[in-house]
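> Sharing a structure below in structure tokens format, with a few things to ask.
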Amino acid sequence: MSVNAPRNWPLDNRLPPLAAWPADGRDRMIDLSALPRFGLRGPGTSAWLTEQGCPLPPTIHQTAEADGMTVVRLGAEEVVLLPDPATGSPRLSQLRQGWAAASGPKGYDAWREESWCWLSLTGPGVAEALPLLTSIDTRPDVFGPGAVAQTRAMHMDAVLIRHDLGGQPGLDMLFDMASSDYAADFIADVLPGFQMGRLAG
Amino acid sequence: MTNRLGNGWGSRIDRSARIGFTFEGRPIPAHPGDTIASALAANGEWVLSRSFKYHRPRGILTMAGQDANTLVQIGDETNVRADLRPVGDGIAVTPQNVNGSLRRDRGRVIDHLGRFLPVGFYYRTFFGPGRNSWLKLWEPIIRKSAGLGVVSLDPAPRRYVKETRHCDVLVVGAGPAGLAAAIRAAEAGAGVILVEKEPDLGGALTYARFDVETAGAAGRLAALRDRIAALPNVTVLTGATCNGHFQDNWLPVLQGDRMIRIRATDLVLATGAHEQPLTFRGNDLPGVMLSSAVQRLMRHYAVRPGQRAVVYAGDRDGYLAALDLDDAGVRIAAVIDPESEDRDGLSAELTRRGIPVMRGHRILEARGGLHLKSVQIQDAKGNRSALDCDLLVMAGGYTPGYQLALHAGARLTSDDSGTNFAIVDVAGHIHMAGAAAGLSDLAAVIASGEAAGARAAAGDAQDLPPAPVGWRRAPPLQAHPKGRDFVDFDEDLQVKDIENAVADGYRELELVKRYSTVGMGPSQGRHAALTTARIVARKTARSLAEVGITTARPPFGPEKLGLLADTTPERRRLTALHGAHLAAGARMMPVGAWWRPFVYPGQGSETDAITREIRMVREAAGLLDVSTLGKLEVRGPDAGAFLDRTYTMAHAGQPVGRVRYCLALNEMGSILDDGVAYRMAQDHYYVTATTGAVDRLFAEMALQKTIHGMNVDIQNVTAAFAAINLTGPNARAVLERLPGSLDFSRDGFAFLDGREGELAGCPVRVMRIGFTGELSYEIHLPQSCAAGMWGALLDAGADLGLRPYGLEASRILRLEKGHIIIGQDTDALTTPDELGMGWALSRKKPFYMGKAAVEARRALGDKRRLCGFTLDDNAAQVGESALVLRDGDPVGHVTSFGHSPSLGKWIGLAYVAPDQAGPGTPITLRGFAGAEVQAPVTALPFYDAANARQEM
């Protein structure tokens with residue numbers, strides 16, 4: 001998808017922009033929706049990504065880290081690639097361009113930049129925040145760093161990814177883009193101690 | 001503070017600090033750690049409430065939150081248990097159910113009218129004297145005297161928290177058995193959550209006396225606490241009540257304004273035992289308390305429970321409580337033992353201390369006004385005597401804390417005397433321990449906890465050893481001839497009330513409960529169930545086992561509605577253009593979870609604005625945000641064949657670049673949804689669905705794909721794509737002003753064409769379709785680009801009369817064209833034939849979803865038809881859902897209705913009998929004002945019958 005027009009994200013006018021990924025170790029909710037991310041699904045996805053040298057987790061609901069990306073495996077033939085929000089990932093953009101130019105079985109564009117809001121929780125309070133957001137078992141030995149769950153959170157379908165960053169516990173949440181404002185309200189209600197902000201793309 | 005004991009007592013209070021609150025306006029000093037009840041008792045305030053029915057003075061009974069005597073109100077918070085709630089500095093506490101003041105309650109007169117309020121009186125009384133007496137006379141009286149606090153209609157906001165936790169082993173109860181279980185389970189590697197309703201760990205070890213010497217128990221408590229604190233895999237929740245058990249060990253735990261839903265692999269129930277009150281006349285007087293309540297007052301809060309006590313020792317704990325009272329300096333008038341011999345081996349110690357023991361006696365009556373003054377006792381020969389006292393301690397035996405086990409399907413059994421209990425048929429992965437398992441010896445209690453913890457950690461089946469005999473001596477139960485011998489303190493039920501319920505023909509305990517309301521109050525029968533069962537057994541000449549107990553259901557204790565209700569924000573979905581709508585002054589309305597613009601009112605009235613918006617679309621151009629439309633990507637080699645199975649029309653042969661109407665049925669042949677499919681490539685369709693049905697359709701598609709094993713990928717991209725409907729005679733001119741790659745000319749972009757390209761810098765999918773009957777383009781694009789596109793379109797069309805329009809104008813515009821709205825003009829039984837949409841059913845395809853049912857229903861004949869009708873005026877107040885009548889009987893109803901500015905008439909859609917559906921046939925409508933009006937059936941569409949405008 002080539003876009004030359006300005007793009008807008010649902011929480012642009014609600015959350016203050018952050019210059020960079022904060023390293024102060026405070027509890028925060030950061031909207032990363034404006035960052036590039038790339039999702040593929042359907043037949044050919046795994047083979048094409050493997051062919052490009054992208055390391056795929058061996059089973060679903062796991063992540064792999066490579067080239068400034070988190071490779072999140074959501075199904076046998078469904079993957080989403082997330083950039084490191086602190087450093088970005090040129091490799092992710094290269095993969096997207098390569099996929100657009102490729103022919104043959106390569107999976108289908110899953111429109112993850114558009115379909116999913118991406119909120120990240122970070123800080124020491126994440127472990128205690130998890131039981132307030134979802135009913136799944138979030139104990140560290142069950143849902144530790146690198147674990148992925150496709151479940152219900154904040155009363156809606158969501159993908160939850162335990163992803164520590166900068167030495168801080170972290171949780172990435174991917175969910176219905178149209179519910180971004182609702183999710184911000186929900187988090188403000190149940191996690192009042194989390195400061196909110198957003199990273200520009 | 002007049003009733004405080006010295007140092008060595010009061011483990012929970014901080015004597016170094018003072019705080020204060022008011023009770024009924026009187027200032028009450030307290031120490032941090034005090035409960036409201038302990039602080040009141042320390043200051044000589046023994047009357048805490050008035051009873052529900054007779055307004056009798058009531059005070060501390062259990063000191064454990066297990067009775068209704070201590071319910072008070074704090075601000076707008078009703079039914080606060082004063083014996084559990086810590087004192088907050090400066091709070092204002094008021095008593096409940098008081099008419100006047102606690103000490104001078106005018107409602108007390110009811111106590112003298114008791115003979116007119118027999119058991120079940122309300123079942124007989126509230127029918128009369130007139131037909132509507134219940135509503136007009138009784139209900140207001142009952143509401144006024146309901147007695148459990150005053151609900152504020154303007155309460156202060158409170159924050160209620162819900163969370164979910166998981167654990168390997170949940171231990172309920174942190175007494176000696178629970179602590180031992182948690183330790184053993186955690187040492188075996190299990191992740192443990194330990195729940196305790198008290199503010200500290202130890203249960204009975206924190207207040208009870210287990211022997212003449214006390215050092216041993218104190219040492220055990222310290223050791224258990226130390227071991228728990230050293231285990232990182234034990235999470236301790238104090239001040240938390242496990243309020244029920246649901247399937248698969250799913251348990252709600254209440255901790256203040258927090259509800260913690262816990263899923264436990266294994267569950268240890270160390271829920272202790274509930275000490276039982278005795279039944280004698282005046283047993284409810286302030287100053288009459290359970291032995292455990294007396295010990296809690298002294299050991300936890302350093303409160304002297306009285307100056308001169310009589311102790312009823314129905315079991316060993318009575319003797320031990322007497323030793324505690326003696327240690328605290330309370331004079332003991334006598335220890336009353338119903339047995340004729342010393343079975344507990346403690347008489348010698350009492351004799352050594354000079355405490356008189358009266359054997360073979362029972363208590364006949366407690367006397368006093370606002371507080372106990374004396375006790376009348378009777379020996380085995382019937383001789384009566386009186387003992388002056390201000391404290392009567394009852395040690396009358398226990399029932400195990402059985403409620404949670406019974407929620408999980410277990411049964412409570414007892415011997416015929418009702419003194420030995422067992423919980424049987426305990427479900428797998430539930431383990432009983434300690435007093436809940438019928439044990440009372442401290443060493444045995446701890447051992448049972450260790451065994452339960454080990455079993456739970458290993459996931460072993462419950463293997464409960466038979467409990468040794470623990471409690472004894474059921475006190476004799478005889479009704480006092482003058483009554484006021486309460487079985488149920490919450491409901492003011494006396495022995496004679498239960499006896500009379502049986503006499504009225506209610507032999508079964510469940511019926512006695514419903515007739516008398518015994519056990520239905522805040523304490524849920526924890527103190528009344530056993531006594532009631534004994535009375536019913538005696539009066540019906542059956543054993544306790546035959547009588548059984550009433551069903552135990554969650555919740556175990558009171559819970560606030562705020563903990564049950566979802567107090568988080570309501571789910572809502574916003575389109576990418578929401579901000580633009582607000583900026584344009586739109587009035588938004590909910591459509592399911594979505595919020596959409598109803599109208600852009602501007603300066604005039606909404607009605608005028610809607611008319612203006614309709615005319616704008618018909619005469620110039622309008623923009624409607626249709627982002628809430630469902631959108632599906634259907635991709636893969638079998639995409640066409642898959643749509644052929646899903647929809648009624650043919651799609652496999654649909655040319656690339658063309659858009660085709662889609663109609664989906666369910667397996668009953670009823671209409672499920674409609675939309676359009678734009679074939680973007682040989683193996684790629686972009687399909688729209690209605691806002692309300694897309695999730696259902698998507699689920700059905702996923703099911704059909706799996707059933708038929710087709711090579712197709714279906715993705716719901718509703719939120720990913722925004723959609724804008726540009727409609728009106730100037731629509732093409734607007735688009736042609738924007739830079740882009742698409743040819744919007746009439747020849748280059750025909751009606752029902754679909755094109756993919758770039759417009760104003762955005763990637764777009766454009767379809768020449770519309771709902772209004774005008775020249776229309778539906779522009780779909782990534783949601784992140786929507787706001788920019790919306791602005792670009794409005795800028796380009798400003799001088800062409802382009803403005804946004806809202807849902808209400810859209811509703812009328814489509815009605816003028818006779819288009820249906822799924823869910824409004826259809827219901828769960830609507831067939832395509834009823835809508836006159838047989839043209840949408842392929843006759844060539846061998847299969848599509850609902851085909852067999854459509855054909856079967858067609859063979860049954862028409863039941864109704866949807867048709868159009870018009871009215872010149874609407875004086876009859878016809879509206880949606882108004883009835884269509886035939887010979888006075890309803891044959892259908894109006895599904896859509898509104899005023900058409902384009903036609904200058906009222907127009908509508910309605911179901912009518914099949915033979916009424918021909919144009920020109922008059923139908924009868926009943927308006928909401930009650931009048932009937934004739935309307936002619938009108939051929940659809942109402943507007944632009946040749947459909948020429950959309951193909952301009």
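In the structure tokens, each chain is lettered A, B, ... as it comes, each chain's residues begin at 1, and ligands are numbered from 1 in order of appearance.
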Dump as a ChimeraX atom specification the residues of chain A that approach chain B to within 6 Å, counting only C-alpha atoms.

/A:3-5,7-9,114-115,131-132,135,137,177-179,182,186

> Write down as a VMD selection string the residues belonging to stretch 363-443 of chain B that are assigned strand (DSSP E or B) by DSSP computed on the backbone.

chain B and resid 363 to 368 372 to 378 384 to 388 391 to 395 398 to 400 411 to 414 421 to 424 430 to 432

> If you run DSSP on the backbone here, which positions in stretch 543-770 of chain B get alpha helix (DSSP H)? Please write them as a PyMOL selection string.

chain B and resi 544-547+561-564+578-583+606-619+639-646+694-708+731-736

> Extract, using only C-alpha atoms, all DNA, RNA and protein residues at most 7 Å from A:Val148, discarding same-chain residues fewer than 5 positions from it, and format them as a short mmCIF file (atom, residue, chain, number, x, y, z; two decimals) with N, CA and C atoms, in the first residue's frame.


```cif
data_model
loop_
_atom_site.label_atom_id
_atom_site.label_comp_id
_atom_site.auth_asym_id
_atom_site.auth_seq_id
_atom_site.Cartn_x
_atom_site.Cartn_y
_atom_site.Cartn_z
N HIS A 61 1.66 -18.73 18.98
CA HIS A 61 1.63 -18.09 20.30
C HIS A 61 3.03 -17.98 20.90
N GLN A 62 3.97 -17.77 19.98
CA GLN A 62 5.34 -17.49 20.41
C GLN A 62 5.88 -16.33 19.59
N LEU A 160 -2.48 -10.45 22.89
CA LEU A 160 -1.62 -9.96 23.97
C LEU A 160 -0.24 -10.59 23.81
N ILE A 161 0.75 -9.76 23.90
CA ILE A 161 2.13 -10.22 23.72
C ILE A 161 2.97 -9.72 24.89
N ARG A 162 3.50 -10.66 25.65
CA ARG A 162 4.40 -10.24 26.74
C ARG A 162 5.76 -9.92 26.13
#
```

> Name the residues in contact with stretch 336-349 of chain B at a cut-off of 7 Å, using only C-alpha atoms, excluding same-chain residues fewer than 3 positions from it; report them as a PyMOL selection string.

chain B and resi 311-314+316+319+352-353+357-362

> Using atom CA of B:Glu606 and atom CA of B:Met588 as the two end points, give the distance in Å to one decimal.

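Separation between atom CA of B:Glu606 and atom CA of B:Met588: 12.3 Å.
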
> Which residue, B:Ala852, B:Met649, B:Ala156, B:Leu623, has the smallest gap to B:Ile724 when you use only C-alpha atoms?

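Residue with the minimum atom-to-atom distance to B:Ile724: B:Leu623.
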
> To one decimal in Å, tell me the separation between atom CA of A:Gly44 and atom CA of A:Gly98.

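Rounded to one decimal, the two atoms are 14.3 Å apart.
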
> Near stretch 878-893 of chain B, within 12 Å and counting only C-alpha atoms, which residues show up once chain neighbours fewer than 2 positions away are dropped, as a ChimeraX atom specification?

/B:824-827,834,863-876,895-899,906-917,922-935,937

> For A:Gly75, find every residue with an atom within 10 Å (counting only C-alpha atoms), except residues of its own chain fewer than 4 positions away, and show them as a count of residues only.

9

> Residues near A:Val126, anyone? I mean within 10 Å using only C-alpha atoms, not counting same-chain ones fewer than 5 positions away, as a PDB file with all heavy atoms, in the first residue's frame.


```pdb
ATOM      1  N   ASP A  27       5.363   3.521  34.981  1.00  0.00           N
ATOM      2  CA  ASP A  27       4.243   2.796  34.393  1.00  0.00           C
ATOM      3  C   ASP A  27       3.595   3.668  33.331  1.00  0.00           C
ATOM      4  O   ASP A  27       3.147   4.789  33.616  1.00  0.00           O
ATOM      5  CB  ASP A  27       3.203   2.446  35.468  1.00  0.00           C
ATOM      6  CG  ASP A  27       3.672   1.327  36.370  1.00  0.00           C
ATOM      7  OD1 ASP A  27       4.485   0.501  35.921  1.00  0.00           O
ATOM      8  OD2 ASP A  27       3.233   1.281  37.536  1.00  0.00           O
ATOM      9  N   ARG A  28       3.522   3.142  32.114  1.00  0.00           N
ATOM     10  CA  ARG A  28       2.969   3.939  31.018  1.00  0.00           C
ATOM     11  C   ARG A  28       2.141   3.070  30.073  1.00  0.00           C
ATOM     12  O   ARG A  28       2.395   1.877  29.918  1.00  0.00           O
ATOM     13  CB  ARG A  28       4.093   4.564  30.177  1.00  0.00           C
ATOM     14  CG  ARG A  28       4.862   5.649  30.863  1.00  0.00           C
ATOM     15  CD  ARG A  28       5.951   6.142  29.925  1.00  0.00           C
ATOM     16  NE  ARG A  28       6.849   7.068  30.587  1.00  0.00           N
ATOM     17  CZ  ARG A  28       6.648   8.380  30.653  1.00  0.00           C
ATOM     18  NH1 ARG A  28       5.583   8.906  30.091  1.00  0.00           N
ATOM     19  NH2 ARG A  28       7.520   9.169  31.262  1.00  0.00           N
ATOM     20  N   MET A  29       1.188   3.719  29.451  1.00  0.00           N
ATOM     21  CA  MET A  29       0.503   3.136  28.298  1.00  0.00           C
ATOM     22  C   MET A  29       0.871   4.001  27.099  1.00  0.00           C
ATOM     23  O   MET A  29       0.616   5.205  27.106  1.00  0.00           O
ATOM     24  CB  MET A  29      -1.013   3.140  28.480  1.00  0.00           C
ATOM     25  CG  MET A  29      -1.738   2.460  27.319  1.00  0.00           C
ATOM     26  SD  MET A  29      -3.386   3.126  27.023  1.00  0.00           S
ATOM     27  CE  MET A  29      -3.008   4.557  25.995  1.00  0.00           C
ATOM     28  N   LEU A 121       1.875  -1.492  27.153  1.00  0.00           N
ATOM     29  CA  LEU A 121       2.019  -1.161  28.576  1.00  0.00           C
ATOM     30  C   LEU A 121       3.446  -1.457  28.966  1.00  0.00           C
ATOM     31  O   LEU A 121       3.994  -2.509  28.609  1.00  0.00           O
ATOM     32  CB  LEU A 121       1.077  -1.999  29.444  1.00  0.00           C
ATOM     33  CG  LEU A 121      -0.426  -1.842  29.237  1.00  0.00           C
ATOM     34  CD1 LEU A 121      -1.184  -2.705  30.244  1.00  0.00           C
ATOM     35  CD2 LEU A 121      -0.841  -0.397  29.391  1.00  0.00           C
ATOM     36  N   PRO A 131      -3.989  -8.849  35.459  1.00  0.00           N
ATOM     37  CA  PRO A 131      -5.255  -9.450  35.925  1.00  0.00           C
ATOM     38  C   PRO A 131      -6.445  -8.493  35.853  1.00  0.00           C
ATOM     39  O   PRO A 131      -7.582  -8.922  35.964  1.00  0.00           O
ATOM     40  CB  PRO A 131      -4.947  -9.821  37.381  1.00  0.00           C
ATOM     41  CG  PRO A 131      -3.474  -9.892  37.479  1.00  0.00           C
ATOM     42  CD  PRO A 131      -2.968  -8.869  36.523  1.00  0.00           C
ATOM     43  N   ARG A 162       3.501 -10.661  25.646  1.00  0.00           N
ATOM     44  CA  ARG A 162       4.399 -10.242  26.739  1.00  0.00           C
ATOM     45  C   ARG A 162       5.756  -9.919  26.132  1.00  0.00           C
ATOM     46  O   ARG A 162       6.402 -10.773  25.540  1.00  0.00           O
ATOM     47  CB  ARG A 162       4.522 -11.378  27.770  1.00  0.00           C
ATOM     48  CG  ARG A 162       3.400 -11.379  28.773  1.00  0.00           C
ATOM     49  CD  ARG A 162       3.558 -10.286  29.860  1.00  0.00           C
ATOM     50  NE  ARG A 162       4.587 -10.623  30.826  1.00  0.00           N
ATOM     51  CZ  ARG A 162       5.737  -9.972  30.954  1.00  0.00           C
ATOM     52  NH1 ARG A 162       6.005  -8.929  30.184  1.00  0.00           N
ATOM     53  NH2 ARG A 162       6.620 -10.347  31.846  1.00  0.00           N
ATOM     54  N   ASP A 164       9.079  -7.657  27.065  1.00  0.00           N
ATOM     55  CA  ASP A 164       9.830  -6.731  27.914  1.00  0.00           C
ATOM     56  C   ASP A 164      10.765  -5.892  27.042  1.00  0.00           C
ATOM     57  O   ASP A 164      11.334  -6.379  26.064  1.00  0.00           O
ATOM     58  CB  ASP A 164      10.632  -7.504  28.952  1.00  0.00           C
ATOM     59  CG  ASP A 164       9.706  -8.241  29.919  1.00  0.00           C
ATOM     60  OD1 ASP A 164       8.478  -8.017  29.830  1.00  0.00           O
ATOM     61  OD2 ASP A 164      10.205  -9.017  30.736  1.00  0.00           O
ATOM     62  N   GLN A 168      12.285  -3.286  31.280  1.00  0.00           N
ATOM     63  CA  GLN A 168      10.990  -3.119  31.953  1.00  0.00           C
ATOM     64  C   GLN A 168      10.006  -4.174  31.469  1.00  0.00           C
ATOM     65  O   GLN A 168       9.980  -4.501  30.284  1.00  0.00           O
ATOM     66  CB  GLN A 168      10.403  -1.733  31.654  1.00  0.00           C
ATOM     67  CG  GLN A 168      11.162  -0.595  32.312  1.00  0.00           C
ATOM     68  CD  GLN A 168      11.082  -0.665  33.834  1.00  0.00           C
ATOM     69  OE1 GLN A 168      10.058  -1.011  34.402  1.00  0.00           O
ATOM     70  NE2 GLN A 168      12.186  -0.335  34.480  1.00  0.00           N
ATOM     71  N   PRO A 169       9.178  -4.671  32.383  1.00  0.00           N
ATOM     72  CA  PRO A 169       8.114  -5.579  31.920  1.00  0.00           C
ATOM     73  C   PRO A 169       7.220  -4.853  30.931  1.00  0.00           C
ATOM     74  O   PRO A 169       6.969  -3.647  31.074  1.00  0.00           O
ATOM     75  CB  PRO A 169       7.343  -5.903  33.212  1.00  0.00           C
ATOM     76  CG  PRO A 169       8.265  -5.550  34.323  1.00  0.00           C
ATOM     77  CD  PRO A 169       9.135  -4.440  33.819  1.00  0.00           C
ATOM     78  N   GLY A 170       6.751  -5.583  29.937  1.00  0.00           N
ATOM     79  CA  GLY A 170       5.920  -4.934  28.924  1.00  0.00           C
ATOM     80  C   GLY A 170       4.840  -5.855  28.387  1.00  0.00           C
ATOM     81  O   GLY A 170       4.944  -7.085  28.461  1.00  0.00           O
ATOM     82  N   LEU A 171       3.806  -5.227  27.895  1.00  0.00           N
ATOM     83  CA  LEU A 171       2.715  -5.965  27.257  1.00  0.00           C
ATOM     84  C   LEU A 171       2.278  -5.193  26.016  1.00  0.00           C
ATOM     85  O   LEU A 171       1.953  -4.008  26.104  1.00  0.00           O
ATOM     86  CB  LEU A 171       1.520  -6.095  28.211  1.00  0.00           C
ATOM     87  CG  LEU A 171       0.292  -6.762  27.594  1.00  0.00           C
ATOM     88  CD1 LEU A 171       0.485  -8.274  27.527  1.00  0.00           C
ATOM     89  CD2 LEU A 171      -0.971  -6.435  28.386  1.00  0.00           C
ATOM     90  N   LEU A 191      -6.473   1.335  35.268  1.00  0.00           N
ATOM     91  CA  LEU A 191      -5.047   1.533  35.568  1.00  0.00           C
ATOM     92  C   LEU A 191      -4.756   3.027  35.681  1.00  0.00           C
ATOM     93  O   LEU A 191      -4.010   3.592  34.877  1.00  0.00           O
ATOM     94  CB  LEU A 191      -4.173   0.914  34.467  1.00  0.00           C
ATOM     95  CG  LEU A 191      -4.351  -0.580  34.199  1.00  0.00           C
ATOM     96  CD1 LEU A 191      -3.530  -1.012  32.994  1.00  0.00           C
ATOM     97  CD2 LEU A 191      -3.947  -1.394  35.425  1.00  0.00           C
ATOM     98  N   PHE A 194      -1.152   4.568  35.273  1.00  0.00           N
ATOM     99  CA  PHE A 194      -0.353   4.500  34.056  1.00  0.00           C
ATOM    100  C   PHE A 194      -0.473   5.813  33.283  1.00  0.00           C
ATOM    101  O   PHE A 194      -1.566   6.225  32.911  1.00  0.00           O
ATOM    102  CB  PHE A 194      -0.828   3.334  33.173  1.00  0.00           C
ATOM    103  CG  PHE A 194      -0.257   2.005  33.582  1.00  0.00           C
ATOM    104  CD1 PHE A 194      -0.583   1.435  34.802  1.00  0.00           C
ATOM    105  CD2 PHE A 194       0.629   1.332  32.758  1.00  0.00           C
ATOM    106  CE1 PHE A 194      -0.053   0.216  35.195  1.00  0.00           C
ATOM    107  CE2 PHE A 194       1.175   0.109  33.129  1.00  0.00           C
ATOM    108  CZ  PHE A 194       0.830  -0.450  34.349  1.00  0.00           C
TER     109      PHE A 194
END
```

> With only C-alpha atoms as the atoms that count, which of A:Gln195, A:Thr63, A:Gln97, A:Thr122 lies nearest to A:Ala149?

A:Thr63

> For the atom pair atom CA of B:Ala215 and atom CA of B:Val288, what is the interatomic distance in Å to one decimal place?

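Taking atom CA of B:Ala215 and atom CA of B:Val288, their separation equals 28.8 Å.
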
> Select, from B:Leu201, B:Val195, B:Leu179, B:Leu254, the residue with the minimum atom-to-atom distance to B:Leu237, counting only C-alpha atoms.

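Closest residue, counting only C-alpha atoms: B:Val195.
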
> Could you check the closest approach to B:Arg658 for each of B:Ala641, B:Leu726, B:Met767, B:Ile91 and tell me which residue wins, using only C-alpha atoms?

B:Met767
